[in-house]
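This is structure03.cif. It holds mmCIF, C-alpha atoms (C1' of nucleotides).
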```
data_run
#
loop_
_atom_site.label_atom_id
_atom_site.label_comp_id
_atom_site.auth_asym_id
_atom_site.auth_seq_id
_atom_site.Cartn_x
_atom_site.Cartn_y
_atom_site.Cartn_z
CA MET P 1 -100.89 158.51 158.17
CA ILE P 2 -101.89 161.75 156.58
CA ALA P 3 -105.53 162.65 156.29
CA ASN P 4 -107.72 160.65 153.97
CA ASN P 5 -105.11 159.65 151.51
CA MET P 6 -105.40 156.07 150.56
CA ILE P 7 -105.05 157.26 146.99
CA ILE P 8 -101.54 158.44 147.60
CA TYR P 9 -100.62 155.23 149.39
CA LYS P 10 -102.00 153.23 146.56
CA LYS P 11 -99.96 155.18 144.04
CA LEU P 12 -96.81 154.51 146.04
CA ASN P 13 -97.52 150.83 146.47
CA GLN P 14 -98.36 150.33 142.86
CA GLN P 15 -94.91 151.47 141.90
CA GLY P 16 -93.19 149.38 144.54
CA TYR P 17 -92.47 152.23 146.92
CA ARG P 18 -92.96 151.82 150.67
CA ILE P 19 -94.89 154.06 153.01
CA THR P 20 -92.25 155.42 155.34
CA LYS P 21 -92.13 157.93 158.15
CA ALA P 22 -89.99 160.26 156.07
CA ARG P 23 -92.40 160.23 153.15
CA GLU P 24 -95.38 160.73 155.41
CA LYS P 25 -93.79 163.70 157.11
CA ILE P 26 -92.85 165.30 153.83
CA LEU P 27 -96.32 164.84 152.41
CA GLU P 28 -97.86 166.29 155.52
CA ILE P 29 -95.65 169.37 155.34
CA LEU P 30 -96.36 169.85 151.65
CA SER P 31 -100.08 169.38 151.97
CA LYS P 32 -100.26 171.98 154.70
CA SER P 33 -98.20 174.53 152.82
CA PRO P 34 -99.96 177.11 150.68
CA LYS P 35 -96.93 177.33 148.40
CA HIS P 36 -94.18 175.21 146.93
CA LEU P 37 -91.25 174.36 149.22
CA SER P 38 -87.59 173.71 148.56
CA VAL P 39 -85.78 170.74 150.06
CA ASP P 40 -84.31 173.04 152.65
CA ASP P 41 -87.73 174.47 153.49
CA ILE P 42 -88.99 170.94 154.09
CA TYR P 43 -85.91 170.09 156.14
CA LEU P 44 -86.44 173.10 158.38
CA ALA P 45 -90.17 172.53 158.72
CA ILE P 46 -89.54 169.01 159.99
CA LYS P 47 -86.78 170.25 162.27
CA SER P 48 -89.09 172.84 163.77
CA ARG P 49 -91.37 170.08 164.94
CA GLY P 50 -88.53 168.59 166.90
CA GLU P 51 -88.16 165.78 164.40
CA ASN P 52 -85.40 165.05 161.95
CA VAL P 53 -85.02 163.78 158.41
CA GLY P 54 -81.70 164.18 156.64
CA THR P 55 -81.60 166.26 153.48
CA ALA P 56 -80.30 163.33 151.45
CA THR P 57 -83.42 161.44 152.45
CA ILE P 58 -85.61 164.38 151.50
CA TYR P 59 -83.97 164.59 148.09
CA ARG P 60 -84.58 160.89 147.53
CA ALA P 61 -88.13 161.06 148.84
CA VAL P 62 -89.26 164.02 146.75
CA ASP P 63 -87.72 162.34 143.77
CA SER P 64 -89.83 159.23 144.23
CA LEU P 65 -92.94 161.24 145.06
CA ALA P 66 -92.49 163.30 141.91
CA LYS P 67 -91.90 160.18 139.84
CA THR P 68 -95.20 158.73 140.99
CA GLY P 69 -96.98 161.97 140.17
CA ILE P 70 -97.96 162.69 143.78
CA ILE P 71 -96.02 165.90 143.97
CA ARG P 72 -94.78 168.28 141.30
CA LYS P 73 -91.23 169.44 140.92
CA LEU P 74 -90.79 173.07 139.95
CA SER P 75 -87.70 174.81 138.66
CA LEU P 76 -88.05 178.53 138.99
CA LEU P 77 -85.30 180.96 138.21
CA ASN P 78 -83.73 181.00 141.67
CA GLY P 79 -81.49 178.01 141.19
CA ARG P 80 -83.15 175.51 143.42
CA ALA P 81 -85.94 173.06 142.89
CA SER P 82 -89.16 173.24 144.83
CA PHE P 83 -92.08 170.94 145.31
CA GLU P 84 -95.82 171.04 145.78
CA ILE P 85 -98.61 168.53 146.08
CA ILE P 86 -100.46 167.85 142.85
CA ASN P 87 -104.02 168.35 143.84
CA LYS P 88 -106.17 170.56 141.72
CA GLU P 89 -108.48 171.25 144.68
CA ILE P 90 -105.87 172.55 147.07
CA SER P 91 -103.04 174.11 145.14
CA THR P 92 -103.74 177.39 143.48
CA HIS P 93 -102.24 177.18 140.07
CA HIS P 94 -100.60 180.35 138.86
CA HIS P 95 -98.57 181.89 136.08
CA HIS P 96 -95.65 184.26 136.31
CA LEU P 97 -94.68 187.66 135.00
CA VAL P 98 -90.94 188.22 135.30
CA CYS P 99 -89.49 191.69 134.83
CA ARG P 100 -86.17 191.52 133.06
CA ASN P 101 -85.09 194.81 134.54
CA CYS P 102 -85.92 194.69 138.25
CA GLN P 103 -86.25 190.88 138.37
CA THR P 104 -89.53 191.11 140.17
CA VAL P 105 -91.68 188.04 139.83
CA ILE P 106 -95.41 188.59 139.85
CA ASP P 107 -97.51 185.50 140.48
CA TYR P 108 -100.99 185.80 139.17
CA SER P 109 -103.82 183.39 139.44
CA ASP P 110 -106.68 185.67 138.60
CA PHE P 111 -107.04 184.06 135.24
CA ILE P 112 -109.91 185.25 133.26
CA LYS P 113 -112.14 182.70 131.68
CA GLU P 114 -110.60 183.29 128.30
CA GLU P 115 -107.05 182.59 129.47
CA ILE P 116 -108.06 179.32 131.06
CA PHE P 117 -109.90 178.32 127.96
CA LEU P 118 -106.93 179.07 125.74
CA MET P 119 -104.54 177.09 127.94
CA LYS P 120 -106.82 174.08 127.90
CA LYS P 121 -107.09 174.24 124.18
CA LEU P 122 -103.32 174.48 123.85
CA GLU P 123 -102.81 171.46 126.09
CA LYS P 124 -105.15 169.45 124.02
CA ILE P 125 -103.43 170.31 120.76
CA VAL P 126 -99.91 169.80 122.06
CA SER P 127 -100.57 166.52 123.81
CA LYS P 128 -102.10 165.11 120.69
CA ILE P 129 -99.34 166.19 118.34
CA HIS P 130 -96.50 165.09 120.58
CA GLN P 131 -98.14 162.06 122.12
CA PHE P 132 -97.26 163.43 125.52
CA LYS P 133 -99.57 163.07 128.52
CA ILE P 134 -99.81 166.60 129.85
CA GLU P 135 -100.59 166.86 133.55
CA ASP P 136 -99.47 170.35 134.27
CA HIS P 137 -97.94 173.44 132.77
CA GLN P 138 -95.78 176.37 133.71
CA LEU P 139 -96.13 179.64 131.89
CA SER P 140 -94.11 182.75 132.41
CA PHE P 141 -94.04 185.95 130.48
CA THR P 142 -90.91 188.04 130.47
CA GLY P 143 -90.72 191.72 129.78
CA LEU P 144 -91.04 194.96 131.67
CA CYS P 145 -93.26 195.52 134.65
CA LYS P 146 -95.52 198.49 135.07
CA SER P 147 -92.89 200.65 136.73
CA CYS P 148 -89.91 199.56 134.67
CA LYS P 149 -91.56 200.19 131.36
CA GLY P 150 -91.94 203.83 132.37
CA GLY P 151 -95.20 205.63 131.79
CA ASP P 152 -95.89 204.41 135.29
CA MET O 1 -68.50 191.42 115.86
CA ILE O 2 -71.25 188.92 115.36
CA ALA O 3 -73.21 189.01 112.15
CA ASN O 4 -75.50 191.95 111.51
CA ASN O 5 -76.30 192.76 115.07
CA MET O 6 -76.18 196.43 115.73
CA ILE O 7 -79.47 195.95 117.49
CA ILE O 8 -77.88 193.85 120.17
CA TYR O 9 -75.03 196.30 120.58
CA LYS O 10 -77.46 199.12 120.89
CA LYS O 11 -79.39 197.28 123.57
CA LEU O 12 -76.21 196.74 125.55
CA ASN O 13 -75.04 200.31 125.20
CA GLN O 14 -78.38 201.73 126.15
CA GLN O 15 -78.17 200.01 129.48
CA GLY O 16 -74.56 200.99 130.10
CA TYR O 17 -73.04 197.62 129.30
CA ARG O 18 -69.88 197.33 127.21
CA ILE O 19 -69.27 195.22 124.16
CA THR O 20 -66.58 192.82 125.27
CA LYS O 21 -64.81 189.85 123.77
CA ALA O 22 -66.42 187.53 126.28
CA ARG O 23 -69.94 188.75 125.52
CA GLU O 24 -69.33 188.58 121.79
CA LYS O 25 -68.07 185.02 122.01
CA ILE O 26 -70.99 183.93 124.15
CA LEU O 27 -73.50 185.54 121.80
CA GLU O 28 -71.85 183.94 118.81
CA ILE O 29 -71.99 180.51 120.43
CA LEU O 30 -75.61 180.96 121.43
CA SER O 31 -76.71 182.29 118.08
CA LYS O 32 -75.18 179.34 116.30
CA SER O 33 -76.71 176.79 118.62
CA PRO O 34 -80.04 175.25 117.70
CA LYS O 35 -80.82 174.72 121.37
CA HIS O 36 -80.36 176.33 124.79
CA LEU O 37 -76.94 175.93 126.39
CA SER O 38 -75.82 175.74 129.99
CA VAL O 39 -72.92 177.78 131.32
CA ASP O 40 -70.74 174.72 131.07
CA ASP O 41 -71.83 174.07 127.48
CA ILE O 42 -70.81 177.61 126.61
CA TYR O 43 -67.54 177.22 128.46
CA LEU O 44 -66.68 174.06 126.54
CA ALA O 45 -67.76 175.48 123.20
CA ILE O 46 -65.39 178.39 123.67
CA LYS O 47 -62.64 176.07 124.84
CA SER O 48 -63.06 173.90 121.77
CA ARG O 49 -62.15 176.86 119.60
CA GLY O 50 -58.87 177.16 121.40
CA GLU O 51 -60.08 180.22 123.28
CA ASN O 52 -60.86 180.69 126.93
CA VAL O 53 -63.41 182.51 129.07
CA GLY O 54 -63.70 181.65 132.75
CA THR O 55 -66.97 180.28 134.01
CA ALA O 56 -67.36 183.09 136.49
CA THR O 57 -67.24 185.50 133.57
CA ILE O 58 -69.79 183.47 131.70
CA TYR O 59 -72.14 183.51 134.67
CA ARG O 60 -71.79 187.29 134.92
CA ALA O 61 -72.15 187.77 131.17
CA VAL O 62 -75.29 185.69 130.73
CA ASP O 63 -76.76 187.52 133.66
CA SER O 64 -76.28 190.89 132.02
CA LEU O 65 -77.40 189.61 128.63
CA ALA O 66 -80.56 188.25 130.19
CA LYS O 67 -81.15 191.54 132.00
CA THR O 68 -81.07 193.43 128.73
CA GLY O 69 -83.47 191.02 127.12
CA ILE O 70 -80.96 189.75 124.56
CA ILE O 71 -80.95 186.21 125.82
CA ARG O 72 -83.45 184.21 127.83
CA LYS O 73 -82.67 182.26 130.98
CA LEU O 74 -84.38 178.92 131.34
CA SER O 75 -84.72 176.79 134.42
CA LEU O 76 -85.72 173.33 133.43
CA LEU O 77 -85.77 170.35 135.72
CA ASN O 78 -82.18 169.23 135.34
CA GLY O 79 -80.75 171.42 138.05
CA ARG O 80 -78.88 173.87 135.94
CA ALA O 81 -79.85 177.03 134.17
CA SER O 82 -79.55 177.33 130.44
CA PHE O 83 -79.67 180.16 127.99
CA GLU O 84 -80.79 180.93 124.49
CA ILE O 85 -80.89 183.97 122.21
CA ILE O 86 -84.17 185.85 122.05
CA ASN O 87 -84.46 186.55 118.37
CA LYS O 88 -87.30 185.33 116.32
CA GLU O 89 -85.15 185.50 113.14
CA ILE O 90 -82.22 183.46 114.32
CA SER O 91 -83.30 181.13 117.06
CA THR O 92 -86.47 179.29 116.52
CA HIS O 93 -88.59 179.96 119.53
CA HIS O 94 -89.72 176.79 121.18
CA HIS O 95 -91.69 175.36 124.03
CA HIS O 96 -90.82 172.46 126.28
CA LEU O 97 -92.28 169.14 127.27
CA VAL O 98 -90.73 167.81 130.46
CA CYS O 99 -91.28 164.21 131.51
CA ARG O 100 -91.73 163.86 135.25
CA ASN O 101 -90.54 160.28 135.16
CA CYS O 102 -87.41 160.16 133.00
CA GLN O 103 -86.78 163.93 133.15
CA THR O 104 -86.32 164.11 129.42
CA VAL O 105 -86.84 167.56 127.99
CA ILE O 106 -88.34 167.73 124.53
CA ASP O 107 -88.02 171.05 122.73
CA TYR O 108 -90.58 171.59 120.08
CA SER O 109 -90.91 174.44 117.69
CA ASP O 110 -93.21 172.92 115.15
CA PHE O 111 -96.04 175.05 116.36
CA ILE O 112 -99.15 174.74 114.43
CA LYS O 113 -100.89 177.91 113.38
CA GLU O 114 -103.45 177.48 116.08
CA GLU O 115 -100.90 177.29 118.89
CA ILE O 116 -99.18 180.47 117.74
CA PHE O 117 -102.49 182.22 117.47
CA LEU O 118 -103.53 181.18 120.96
CA MET O 119 -100.25 182.32 122.50
CA LYS O 120 -100.52 185.71 120.85
CA LYS O 121 -104.03 186.10 122.09
CA LEU O 122 -102.96 185.13 125.59
CA GLU O 123 -100.14 187.67 125.57
CA LYS O 124 -102.51 190.38 124.54
CA ILE O 125 -104.97 189.61 127.30
CA VAL O 126 -102.39 189.25 130.03
CA SER O 127 -100.39 192.33 129.14
CA LYS O 128 -103.51 194.41 129.21
CA ILE O 129 -104.81 193.12 132.50
CA HIS O 130 -101.51 193.32 134.33
CA GLN O 131 -100.11 196.38 132.59
CA PHE O 132 -96.97 194.43 131.85
CA LYS O 133 -94.99 194.85 128.63
CA ILE O 134 -94.60 191.30 127.42
CA GLU O 135 -91.56 190.67 125.24
CA ASP O 136 -91.21 186.96 125.53
CA HIS O 137 -92.70 183.89 127.08
CA GLN O 138 -91.66 180.48 128.31
CA LEU O 139 -94.07 177.64 128.29
CA SER O 140 -93.43 174.15 129.50
CA PHE O 141 -95.78 171.29 129.88
CA THR O 142 -95.05 168.60 132.44
CA GLY O 143 -96.34 165.07 132.37
CA LEU O 144 -95.37 161.76 130.89
CA CYS O 145 -93.55 161.30 127.62
CA LYS O 146 -94.56 158.82 124.98
CA SER O 147 -92.48 155.98 126.40
CA CYS O 148 -93.05 156.67 130.10
CA LYS O 149 -96.81 156.80 129.82
CA GLY O 150 -96.73 153.26 128.49
CA GLY O 151 -98.89 152.30 125.55
CA ASP O 152 -95.82 153.29 123.63
"C1'" DT B 1 -58.63 208.18 132.28
"C1'" DT B 2 -61.71 205.34 134.73
"C1'" DA B 3 -65.45 202.52 135.69
"C1'" DA B 4 -66.90 198.13 133.82
"C1'" DG B 5 -65.36 193.70 132.91
"C1'" DT B 6 -62.17 189.61 133.35
"C1'" DG B 7 -59.59 185.55 135.28
"C1'" DC B 8 -58.49 182.81 138.88
"C1'" DA B 9 -59.07 180.75 143.09
"C1'" DA B 10 -61.66 180.36 147.10
"C1'" DA B 11 -66.26 180.40 149.23
"C1'" DT B 12 -71.19 178.96 148.96
"C1'" DA B 13 -74.93 176.68 147.70
"C1'" DT B 14 -77.27 172.55 145.94
"C1'" DT B 15 -77.66 167.81 144.89
"C1'" DT B 16 -75.84 163.02 144.65
"C1'" DT B 17 -73.56 158.94 146.34
"C1'" DG B 18 -71.40 155.16 149.34
"C1'" DC B 19 -72.25 152.35 152.93
"C1'" DA B 20 -73.59 150.35 157.23
"C1'" DA B 21 -77.75 150.22 159.92
"C1'" DT B 22 -82.87 150.14 160.07
"C1'" DG B 23 -87.52 148.98 159.04
"C1'" DA B 24 -91.68 147.95 155.93
"C1'" DG B 25 -94.10 144.32 153.92
"C1'" DC S 1 -86.35 137.36 156.01
"C1'" DT S 2 -85.08 140.62 152.33
"C1'" DC S 3 -84.86 144.48 149.93
"C1'" DA S 4 -86.19 149.37 150.00
"C1'" DT S 5 -85.09 153.18 152.75
"C1'" DT S 6 -82.53 156.04 156.02
"C1'" DG S 7 -78.72 158.82 158.18
"C1'" DC S 8 -74.48 160.57 158.00
"C1'" DA S 9 -70.53 162.14 155.95
"C1'" DA S 10 -68.05 162.68 151.82
"C1'" DA S 11 -68.10 163.71 146.84
"C1'" DA S 12 -69.79 165.93 142.97
"C1'" DT S 13 -72.18 169.99 140.84
"C1'" DA S 14 -73.59 174.57 140.29
"C1'" DT S 15 -73.14 179.30 141.27
"C1'" DT S 16 -71.22 183.45 143.60
"C1'" DT S 17 -67.67 186.40 145.39
"C1'" DG S 18 -63.12 188.89 146.40
"C1'" DC S 19 -59.50 190.97 144.36
"C1'" DA S 20 -55.79 192.44 141.40
"C1'" DC S 21 -55.38 193.09 136.54
"C1'" DT S 22 -57.19 194.45 131.93
"C1'" DT S 23 -59.86 196.94 128.62
"C1'" DA S 24 -63.80 199.45 126.32
"C1'" DA S 25 -65.40 203.91 125.79
#
```
I need this file expressed as structure tokens, please.
Amino acid sequence: MIANNMIIYKKLNQQGYRITKAREKILEILSKSPKHLSVDDIYLAIKSRGENVGTATIYRAVDSLAKTGIIRKLSLLNGRASFEIINKEISTHHHHLVCRNCQTVIDYSDFIKEEIFLMKKLEKIVSKIHQFKIEDHQLSFTGLCKSCKGGD
Amino acid sequence: MIANNMIIYKKLNQQGYRITKAREKILEILSKSPKHLSVDDIYLAIKSRGENVGTATIYRAVDSLAKTGIIRKLSLLNGRASFEIINKEISTHHHHLVCRNCQTVIDYSDFIKEEIFLMKKLEKIVSKIHQFKIEDHQLSFTGLCKSCKGGD
DNA sequence: TTAAGTGCAAATATTTTGCAATGAG
DNA sequence: CTCATTGCAAAATATTTGCACTTAA
């Protein structure tokens, strides 16, 4: 059982999911990771402990964990999905700046107060208008990075 | 040649890309579509006109078009990339709402004045702080859609 | 002319599925 | 006990690459 997480177990039970070794291992890996992991990352992390969980199982497990809102599924631009625990305390939320020329992705989380305030306001407006329960957001700006825009 | 778009041609030329039949067809398809299309969608749309462009070519073409900032690459949660024209005049810019339960993606472009204003303000702040030339943004909110959150 | 671009088929990911065996409740 | 879950291998998808041929500039 992973540290102090009756809440997670409850969430699973409530939706008819069982607490299994595979799910526990995956949650443990994800909760210890500072960043989102792909299915393959999870597979390898488990392997490196001398244990084994098939990738098909991992795909099915992350799917159920995401459905219950325990983890978050991300789709970045690299063609594979990745996952992270939803836990405002632990995960550092960030936004992205993607350079269309050199493809560099800058993660930034040094939001200034004003940016955070604006995002919150936006969430509130959008959730109301579209009757959608917003739990999370992903924001990326595309353009030219400092060096690609010249005038470096 | 697709309608009134010397600007696009210029952008391609400036970066050493050529104006080819395949790129023209893809741009025409994308500019006529009200929503983002996957590579396969584009492939089929071209096919349905009795023409043909191989998928490998489409992958390479959208890649170059995205690099030049003519189209935008999106990675939603459905496991495949999709593309849309970046052109405030033609395509209506939109944001996304992605349901973590049923995976439905809702595109919305009925921004209220306040949302537009907030996004512009955000862009200004972020571009200044990170010395990044922002040309475009992608925003998606994740959570539960009207029917999945219950209380429908 | 000549480098960029294309088509096709083959190679690589990535994700899903079928099914018999296992295990949680 | 019984149904959700797993493991494995096979199937289905999605994307990339090699290479000879074609074409835009």
Residues of chain S that have any atom at most 12 Å from an atom of stretch 48-55 of chain O: could you tabulate them with the shortest-distance atom pair and the distance in Å to one decimal, using all atoms listed in the file, ordered by chain and increasing number, as CSV?
```
residue,atom,partner,partner_atom,distance
S:DA14,C1',O:Thr55,CA,10.8
S:DT15,C1',O:Thr55,CA,9.6
S:DT16,C1',O:Thr55,CA,11.0
```
* To do: Could you tell me which residues the PyMOL selection byres ((chain S and resi 8) around 10) returns for this structure, as a PyMOL selection string?
  => (chain P and resi 54+56) or (chain B and resi 19) or (chain S and resi 6-7+9-10)
* Could you list the residues in chain P lying within 9 Å of chain O, using only C-alpha atoms, and format the result as a ChimeraX atom specification? => /P:66-69,72-81,97,99-103,108,111-112,114-115,118-119,121-123,125-126,130-147,149
* **Point-to-point distance in Å for atom CA of P:Leu44 and atom CA of P:Asn5** =>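 Taking atom CA of P:Asn5 as the start and atom CA of P:Leu44 as the end point, the length is 24.0 Å.
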Overlay target chain O, mobile chain P, all C-alpha paired in order, as a short mmCIF file (atom, residue, chain, number, x, y, z; two decimals) with C-alpha atoms, in the coordinates of the input:
```cif
data_model
loop_
_atom_site.label_atom_id
_atom_site.label_comp_id
_atom_site.auth_asym_id
_atom_site.auth_seq_id
_atom_site.Cartn_x
_atom_site.Cartn_y
_atom_site.Cartn_z
CA MET P 1 -67.39 192.29 116.02
CA ILE P 2 -70.08 189.78 115.34
CA ALA P 3 -71.94 189.86 112.07
CA ASN P 4 -74.24 192.76 111.36
CA ASN P 5 -75.17 193.57 114.88
CA MET P 6 -75.11 197.23 115.52
CA ILE P 7 -78.47 196.73 117.16
CA ILE P 8 -76.96 194.64 119.89
CA TYR P 9 -74.13 197.10 120.41
CA LYS P 10 -76.59 199.90 120.64
CA LYS P 11 -78.61 198.06 123.26
CA LEU P 12 -75.48 197.54 125.34
CA ASN P 13 -74.33 201.11 125.03
CA GLN P 14 -77.69 202.52 125.87
CA GLN P 15 -77.58 200.79 129.20
CA GLY P 16 -74.02 201.83 129.93
CA TYR P 17 -72.45 198.47 129.18
CA ARG P 18 -69.20 198.23 127.22
CA ILE P 19 -68.47 196.10 124.19
CA THR P 20 -65.82 193.70 125.39
CA LYS P 21 -63.99 190.73 123.96
CA ALA P 22 -65.69 188.42 126.43
CA ARG P 23 -69.16 189.61 125.50
CA GLU P 24 -68.41 189.41 121.81
CA LYS P 25 -67.15 185.86 122.11
CA ILE P 26 -70.16 184.77 124.10
CA LEU P 27 -72.57 186.33 121.65
CA GLU P 28 -70.80 184.71 118.76
CA ILE P 29 -71.00 181.28 120.39
CA LEU P 30 -74.67 181.74 121.24
CA SER P 31 -75.63 183.02 117.83
CA LYS P 32 -74.01 180.05 116.16
CA SER P 33 -75.63 177.51 118.44
CA PRO P 34 -78.90 175.91 117.40
CA LYS P 35 -79.86 175.43 121.05
CA HIS P 36 -79.54 177.07 124.42
CA LEU P 37 -76.19 176.71 126.21
CA SER P 38 -75.24 176.57 129.86
CA VAL P 39 -72.40 178.65 131.27
CA ASP P 40 -70.21 175.59 131.17
CA ASP P 41 -71.14 174.90 127.55
CA ILE P 42 -70.08 178.43 126.67
CA TYR P 43 -66.88 178.08 128.69
CA LEU P 44 -65.95 174.90 126.85
CA ALA P 45 -66.87 176.28 123.44
CA ILE P 46 -64.52 179.21 123.96
CA LYS P 47 -61.83 176.91 125.31
CA SER P 48 -62.09 174.71 122.24
CA ARG P 49 -61.12 177.65 120.09
CA GLY P 50 -57.91 177.98 122.02
CA GLU P 51 -59.20 181.06 123.80
CA ASN P 52 -60.14 181.58 127.41
CA VAL P 53 -62.77 183.40 129.41
CA GLY P 54 -63.22 182.57 133.08
CA THR P 55 -66.56 181.21 134.20
CA ALA P 56 -67.05 184.08 136.63
CA THR P 57 -66.79 186.43 133.68
CA ILE P 58 -69.27 184.36 131.70
CA TYR P 59 -71.74 184.45 134.58
CA ARG P 60 -71.42 188.22 134.78
CA ALA P 61 -71.63 188.66 131.03
CA VAL P 62 -74.73 186.54 130.48
CA ASP P 63 -76.32 188.36 133.34
CA SER P 64 -75.82 191.73 131.69
CA LEU P 65 -76.81 190.41 128.28
CA ALA P 66 -80.01 188.97 129.72
CA LYS P 67 -80.74 192.21 131.55
CA THR P 68 -80.54 194.15 128.31
CA GLY P 69 -82.84 191.67 126.61
CA ILE P 70 -80.21 190.50 124.11
CA ILE P 71 -80.23 186.95 125.32
CA ARG P 72 -82.80 184.92 127.22
CA LYS P 73 -82.14 183.04 130.40
CA LEU P 74 -83.86 179.68 130.70
CA SER P 75 -84.35 177.54 133.77
CA LEU P 76 -85.23 174.03 132.79
CA LEU P 77 -85.59 171.21 135.25
CA ASN P 78 -81.95 170.10 135.19
CA GLY P 79 -80.71 172.49 137.82
CA ARG P 80 -78.64 174.82 135.75
CA ALA P 81 -79.46 177.93 133.81
CA SER P 82 -78.99 178.15 130.08
CA PHE P 83 -79.00 180.94 127.59
CA GLU P 84 -80.00 181.66 124.02
CA ILE P 85 -80.06 184.65 121.74
CA ILE P 86 -83.41 186.39 121.54
CA ASN P 87 -84.00 186.58 117.86
CA LYS P 88 -87.29 185.43 116.51
CA GLU P 89 -85.72 184.74 113.10
CA ILE P 90 -83.01 182.40 114.26
CA SER P 91 -84.10 180.62 117.39
CA THR P 92 -86.76 178.01 117.00
CA HIS P 93 -89.16 178.53 119.81
CA HIS P 94 -90.51 175.36 121.34
CA HIS P 95 -92.65 173.97 124.11
CA HIS P 96 -92.03 170.96 126.30
CA LEU P 97 -93.79 167.76 127.25
CA VAL P 98 -92.30 166.27 130.40
CA CYS P 99 -93.15 162.72 131.41
CA ARG P 100 -93.44 162.43 135.15
CA ASN P 101 -92.65 158.75 135.04
CA CYS P 102 -89.64 158.32 132.75
CA GLN P 103 -88.59 161.99 132.94
CA THR P 104 -88.28 162.20 129.21
CA VAL P 105 -88.51 165.71 127.86
CA ILE P 106 -90.03 166.08 124.43
CA ASP P 107 -89.38 169.40 122.71
CA TYR P 108 -91.92 170.22 120.10
CA SER P 109 -92.05 173.14 117.79
CA ASP P 110 -94.50 171.83 115.26
CA PHE P 111 -97.15 174.12 116.57
CA ILE P 112 -100.30 174.09 114.66
CA LYS P 113 -101.81 177.36 113.68
CA GLU P 114 -104.40 177.11 116.40
CA GLU P 115 -101.85 176.68 119.19
CA ILE P 116 -99.89 179.71 118.07
CA PHE P 117 -103.04 181.72 117.87
CA LEU P 118 -104.11 180.74 121.36
CA MET P 119 -100.72 181.60 122.85
CA LYS P 120 -100.76 185.02 121.25
CA LYS P 121 -104.19 185.68 122.55
CA LEU P 122 -103.15 184.60 126.03
CA GLU P 123 -100.13 186.90 125.97
CA LYS P 124 -102.27 189.79 125.02
CA ILE P 125 -104.76 189.21 127.81
CA VAL P 126 -102.16 188.58 130.49
CA SER P 127 -99.93 191.50 129.63
CA LYS P 128 -102.86 193.84 129.76
CA ILE P 129 -104.22 192.61 133.07
CA HIS P 130 -100.88 192.52 134.83
CA GLN P 131 -99.27 195.49 133.14
CA PHE P 132 -96.32 193.29 132.31
CA LYS P 133 -94.42 193.59 129.03
CA ILE P 134 -94.32 190.03 127.76
CA GLU P 135 -91.41 189.23 125.47
CA ASP P 136 -91.34 185.50 125.68
CA HIS P 137 -92.97 182.50 127.25
CA GLN P 138 -92.16 179.01 128.38
CA LEU P 139 -94.82 176.35 128.38
CA SER P 140 -94.49 172.81 129.53
CA PHE P 141 -97.07 170.14 129.96
CA THR P 142 -96.51 167.40 132.48
CA GLY P 143 -98.09 164.00 132.42
CA LEU P 144 -97.44 160.62 130.89
CA CYS P 145 -95.79 160.03 127.57
CA LYS P 146 -97.09 157.67 124.95
CA SER P 147 -95.25 154.65 126.31
CA CYS P 148 -95.66 155.38 130.00
CA LYS P 149 -99.38 155.84 129.82
CA GLY P 150 -99.65 152.28 128.55
CA GLY P 151 -101.88 151.47 125.62
CA ASP P 152 -98.70 152.10 123.70
#
```
* To do: Using the chain letters and numbering of this document, enumerate as a PyMOL selection string the residues selected by the PyMOL selection byres ((chain B and resi 25) around 10).
  => (chain P and resi 18-19) or (chain B and resi 23-24) or (chain S and resi 2)
* Structure fact -> P:Ser33 proximity check over P:Glu84, P:Asp63, P:Ile71, P:Thr57, using only C-alpha atoms: winner is P:Glu84
* To do: Mind giving me the straight-line distance from atom C1' of B:DT2 to atom CA of O:Tyr59 in Å, one decimal?
  =>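 Atom CA of O:Tyr59 lies at a distance of 24.2 Å from atom C1' of B:DT2.
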* Two-atom distance - atom CA of P:Lys32, atom CA of P:Val105 (Å) ->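 We find that atom CA of P:Lys32 and atom CA of P:Val105 lie 23.5 Å from each other.
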* Within 10 Å of O:Lys25 using only C-alpha atoms (C1' of nucleotides), minus same-chain residues under 4 positions, as a list of chain:residue names -> O:Met1, O:Ile2, O:Thr20, O:Lys21, O:Ile29, O:Leu30, O:Ser31, O:Ile42, O:Ala45, O:Ile46, O:Glu51, O:Asn52, O:Val53, O:Ile58
Those residues with C-alpha atoms, as a compact mmCIF listing (two decimals), keeping the file's coordinate frame please?
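Contents of out-v2.txt, freshly written:
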```txt
# COMPACT_ATOMS: atom_id res chain seq x y z
CA MET O 1 -68.50 191.42 115.86
CA ILE O 2 -71.25 188.92 115.36
CA THR O 20 -66.58 192.82 125.27
CA LYS O 21 -64.81 189.85 123.77
CA ILE O 29 -71.99 180.51 120.43
CA LEU O 30 -75.61 180.96 121.43
CA SER O 31 -76.71 182.29 118.08
CA ILE O 42 -70.81 177.61 126.61
CA ALA O 45 -67.76 175.48 123.20
CA ILE O 46 -65.39 178.39 123.67
CA GLU O 51 -60.08 180.22 123.28
CA ASN O 52 -60.86 180.69 126.93
CA VAL O 53 -63.41 182.51 129.07
CA ILE O 58 -69.79 183.47 131.70
```
